[in-house]
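K.L.:
One structure follows; several queries about it will come next.
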Amino acid sequence: MGELHVIDHPLVQHKLALLRDEELGSKDFRELVNEITLFIGYEATSDLPLEEVTVKTPMTETKQKMIAGKKMAIAPILRAGLGMVDGMLTLVPAAKVGHIGMFRDEETAEPQEYFFKMPADIDERQVFVVDPMLATGGSALLAIEALEKRNVKPENIKFLCLVSAPEGVKALQEHYPDVDIYTAALDERLNEDWYILPGLGDAGDRLFGTL
């Protein structure tokens with residue numbers, strides 16, 4: 001089964017506590033999302049393959065390790081996932097960026113896809129699907145399904161979020177047992193409106209000031 005990785009580094013937990021505060025403005029919210037994403041992305045890339053190369057330093061030649069040509073792609077779920085893209089690109093600047101457009105039906109909480117654009121060679125890449133929230137898991141499942149239809153193997157997909165609910169984690173693990181989940185927090189539950197408790201509100205609205 002895909003593993004759940006909760007990034008409980010003290011700095012992550014400190015920044016997440018700041019992020020949850022309803023008084024936090026959009027500018028500071030965006031900056032904290034970026035900073036937390038760096039930590040989550042650091043963990044999510046910890047198993048990238050390495051190869052030995054020869055490097056000439058000012059003193060001598062030496063054998064060192066570099067990433068073994070692994071092609072990567074970042075796939076934010078629109079719109080809130082855009083807030084995590086810069087943090088991931090700081091870690092892997094050569095990664096390509098695709099986009100998956102989703103909106104949530106407020107009556108049923110079911111996601112609907114309205115846009116999908118990926119690099120032509122997406123099936124050859126390690127894909128990091130990013131979305132600040134893993135609530136019901138519906139958007140994550142639909143995004144992974146869309147990638148799978150384009151011949152991306154689930155074992156080459158990782159899902160990164162800031163806050164997750166047990167319901168979403170369970171749904172993702174049951175449907176896609178090969179997809180690892182990386183999150184800064186596993187929260188208590190969903191409320192009657194399918195929002196995460198304690199959560200941090202609507203991440204998209206808080207990122208872009210559309211409250």
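Labels used: A, B, ... for chains in the order of the structure tokens, numbers from 1 for residues in each chain, and numbers from 1 for ligands as shown.
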As a count of residues only, please: the residues near Leu16 of chain A (cut-off 8 Å, only C-alpha atoms, same-chain neighbours under 6 positions excluded).

P.N.:
3

K.L.:
Sorted by chain and rising residue number, list the residues of segment 131-150 of chain A at most 8 Å from segment 156-171 of chain A (counting only C-alpha atoms), each with its closest atom pair and distance in Å to one decimal, as CSV.

P.N.:
```
residue,atom,partner,partner_atom,distance
A:Asp131,CA,A:Cys161,CA,5.2
A:Pro132,CA,A:Cys161,CA,4.5
A:Met133,CA,A:Val163,CA,5.2
A:Leu134,CA,A:Ser164,CA,4.5
A:Ala135,CA,A:Gly168,CA,5.0
A:Thr136,CA,A:Gly168,CA,4.4
A:Gly137,CA,A:Gly168,CA,4.0
A:Gly138,CA,A:Gly168,CA,7.6
A:Ala140,CA,A:Phe159,CA,7.7
A:Ile144,CA,A:Ile157,CA,7.8
```

K.L.:
Store the residues of this selection in a file with all heavy atoms, as a PDB file, in the first residue's frame.

P.N.:
```pdb
ATOM      1  N   ASP A 131      -1.513  19.630  -4.253  1.00  0.00           N
ATOM      2  CA  ASP A 131      -2.763  20.298  -3.885  1.00  0.00           C
ATOM      3  C   ASP A 131      -2.697  20.519  -2.372  1.00  0.00           C
ATOM      4  O   ASP A 131      -2.405  19.570  -1.638  1.00  0.00           O
ATOM      5  CB  ASP A 131      -3.964  19.422  -4.239  1.00  0.00           C
ATOM      6  CG  ASP A 131      -5.296  20.161  -4.147  1.00  0.00           C
ATOM      7  OD1 ASP A 131      -5.301  21.347  -3.780  1.00  0.00           O
ATOM      8  OD2 ASP A 131      -6.333  19.540  -4.438  1.00  0.00           O
ATOM      9  N   PRO A 132      -2.921  21.737  -1.892  1.00  0.00           N
ATOM     10  CA  PRO A 132      -2.772  21.982  -0.452  1.00  0.00           C
ATOM     11  C   PRO A 132      -3.617  21.079   0.434  1.00  0.00           C
ATOM     12  O   PRO A 132      -3.228  20.762   1.551  1.00  0.00           O
ATOM     13  CB  PRO A 132      -3.173  23.449  -0.293  1.00  0.00           C
ATOM     14  CG  PRO A 132      -2.862  24.065  -1.615  1.00  0.00           C
ATOM     15  CD  PRO A 132      -3.179  22.989  -2.626  1.00  0.00           C
ATOM     16  N   MET A 133      -4.808  20.672  -0.042  1.00  0.00           N
ATOM     17  CA  MET A 133      -5.727  19.931   0.802  1.00  0.00           C
ATOM     18  C   MET A 133      -6.038  18.549   0.230  1.00  0.00           C
ATOM     19  O   MET A 133      -6.290  18.409  -0.968  1.00  0.00           O
ATOM     20  CB  MET A 133      -7.049  20.697   0.950  1.00  0.00           C
ATOM     21  CG  MET A 133      -6.906  22.185   1.194  1.00  0.00           C
ATOM     22  SD  MET A 133      -6.063  22.579   2.733  1.00  0.00           S
ATOM     23  CE  MET A 133      -7.351  22.209   3.903  1.00  0.00           C
ATOM     24  N   LEU A 134      -6.038  17.541   1.092  1.00  0.00           N
ATOM     25  CA  LEU A 134      -6.551  16.217   0.747  1.00  0.00           C
ATOM     26  C   LEU A 134      -7.739  15.982   1.667  1.00  0.00           C
ATOM     27  O   LEU A 134      -7.576  15.565   2.822  1.00  0.00           O
ATOM     28  CB  LEU A 134      -5.479  15.143   0.942  1.00  0.00           C
ATOM     29  CG  LEU A 134      -5.908  13.692   0.678  1.00  0.00           C
ATOM     30  CD1 LEU A 134      -6.421  13.514  -0.735  1.00  0.00           C
ATOM     31  CD2 LEU A 134      -4.757  12.729   0.964  1.00  0.00           C
ATOM     32  N   ALA A 135      -8.931  16.300   1.185  1.00  0.00           N
ATOM     33  CA  ALA A 135     -10.137  16.241   2.015  1.00  0.00           C
ATOM     34  C   ALA A 135     -10.877  14.929   1.782  1.00  0.00           C
ATOM     35  O   ALA A 135     -10.571  13.914   2.397  1.00  0.00           O
ATOM     36  CB  ALA A 135     -11.024  17.450   1.729  1.00  0.00           C
ATOM     37  N   THR A 136     -11.821  14.915   0.850  1.00  0.00           N
ATOM     38  CA  THR A 136     -12.524  13.662   0.535  1.00  0.00           C
ATOM     39  C   THR A 136     -11.646  12.725  -0.290  1.00  0.00           C
ATOM     40  O   THR A 136     -11.878  11.524  -0.336  1.00  0.00           O
ATOM     41  CB  THR A 136     -13.807  13.942  -0.262  1.00  0.00           C
ATOM     42  OG1 THR A 136     -13.456  14.514  -1.535  1.00  0.00           O
ATOM     43  CG2 THR A 136     -14.723  14.894   0.488  1.00  0.00           C
ATOM     44  N   GLY A 137     -10.661  13.311  -0.965  1.00  0.00           N
ATOM     45  CA  GLY A 137      -9.808  12.524  -1.862  1.00  0.00           C
ATOM     46  C   GLY A 137     -10.312  12.517  -3.291  1.00  0.00           C
ATOM     47  O   GLY A 137      -9.632  11.997  -4.185  1.00  0.00           O
ATOM     48  N   GLY A 138     -11.482  13.115  -3.529  1.00  0.00           N
ATOM     49  CA  GLY A 138     -12.067  13.071  -4.862  1.00  0.00           C
ATOM     50  C   GLY A 138     -11.215  13.710  -5.932  1.00  0.00           C
ATOM     51  O   GLY A 138     -11.010  13.140  -7.011  1.00  0.00           O
ATOM     52  N   ALA A 140      -7.962  14.306  -5.861  1.00  0.00           N
ATOM     53  CA  ALA A 140      -6.726  13.534  -6.020  1.00  0.00           C
ATOM     54  C   ALA A 140      -6.971  12.297  -6.874  1.00  0.00           C
ATOM     55  O   ALA A 140      -6.182  11.980  -7.779  1.00  0.00           O
ATOM     56  CB  ALA A 140      -6.176  13.141  -4.654  1.00  0.00           C
ATOM     57  N   ILE A 144      -5.278  11.589 -10.556  1.00  0.00           N
ATOM     58  CA  ILE A 144      -4.454  10.403 -10.816  1.00  0.00           C
ATOM     59  C   ILE A 144      -5.069   9.557 -11.923  1.00  0.00           C
ATOM     60  O   ILE A 144      -4.357   9.019 -12.779  1.00  0.00           O
ATOM     61  CB  ILE A 144      -4.271   9.600  -9.517  1.00  0.00           C
ATOM     62  CG1 ILE A 144      -3.454  10.422  -8.510  1.00  0.00           C
ATOM     63  CG2 ILE A 144      -3.587   8.266  -9.798  1.00  0.00           C
ATOM     64  CD1 ILE A 144      -3.431   9.841  -7.121  1.00  0.00           C
TER      65      ILE A 144
END
```

K.L.:
Write out as a list of chain:residue names which residues come within 9 Å of Ile7 of chain A when counting only C-alpha atoms, dropping same-chain ones fewer than 5 positions away.

P.N.:
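Within the cut-off, the hits are A:Val12, A:Gln13, A:Phe39, A:Ile40, A:Glu43, A:Tyr182, A:Thr183, A:Ala184, A:Ala185.
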
K.L.:
Select from segment 117-199 of chain A every residue with an atom at most 8 Å from any atom of segment 69-81 of chain A, then for each give the shortest pair of atoms and their distance in Å to one decimal, using only C-alpha atoms, rows by chain and rising number, as a Markdown table.

P.N.:
```
| residue | atom | partner | partner_atom | distance |
| --- | --- | --- | --- | --- |
| A:Met118 | CA | A:Ala75 | CA | 7.8 |
| A:Pro119 | CA | A:Ala73 | CA | 8.0 |
| A:Ile122 | CA | A:Ala73 | CA | 7.3 |
| A:Glu124 | CA | A:Lys71 | CA | 7.2 |
| A:Arg125 | CA | A:Met72 | CA | 4.9 |
| A:Gln126 | CA | A:Met72 | CA | 4.7 |
| A:Val127 | CA | A:Ala73 | CA | 4.8 |
| A:Phe128 | CA | A:Ile74 | CA | 4.9 |
| A:Val129 | CA | A:Ala75 | CA | 4.6 |
| A:Val130 | CA | A:Pro76 | CA | 4.7 |
| A:Asp131 | CA | A:Gly81 | CA | 4.1 |
| A:Pro132 | CA | A:Gly81 | CA | 6.1 |
| A:Ser139 | CA | A:Ile77 | CA | 7.8 |
| A:Ala143 | CA | A:Ile77 | CA | 7.4 |
```

K.L.:
Work out how far atom CA of Asp28 of chain A is from atom CA of Pro111 of chain A, in Å to one decimal.

P.N.:
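Atom-to-atom, atom CA of Pro111 of chain A to atom CA of Asp28 of chain A, that is 28.1 Å.
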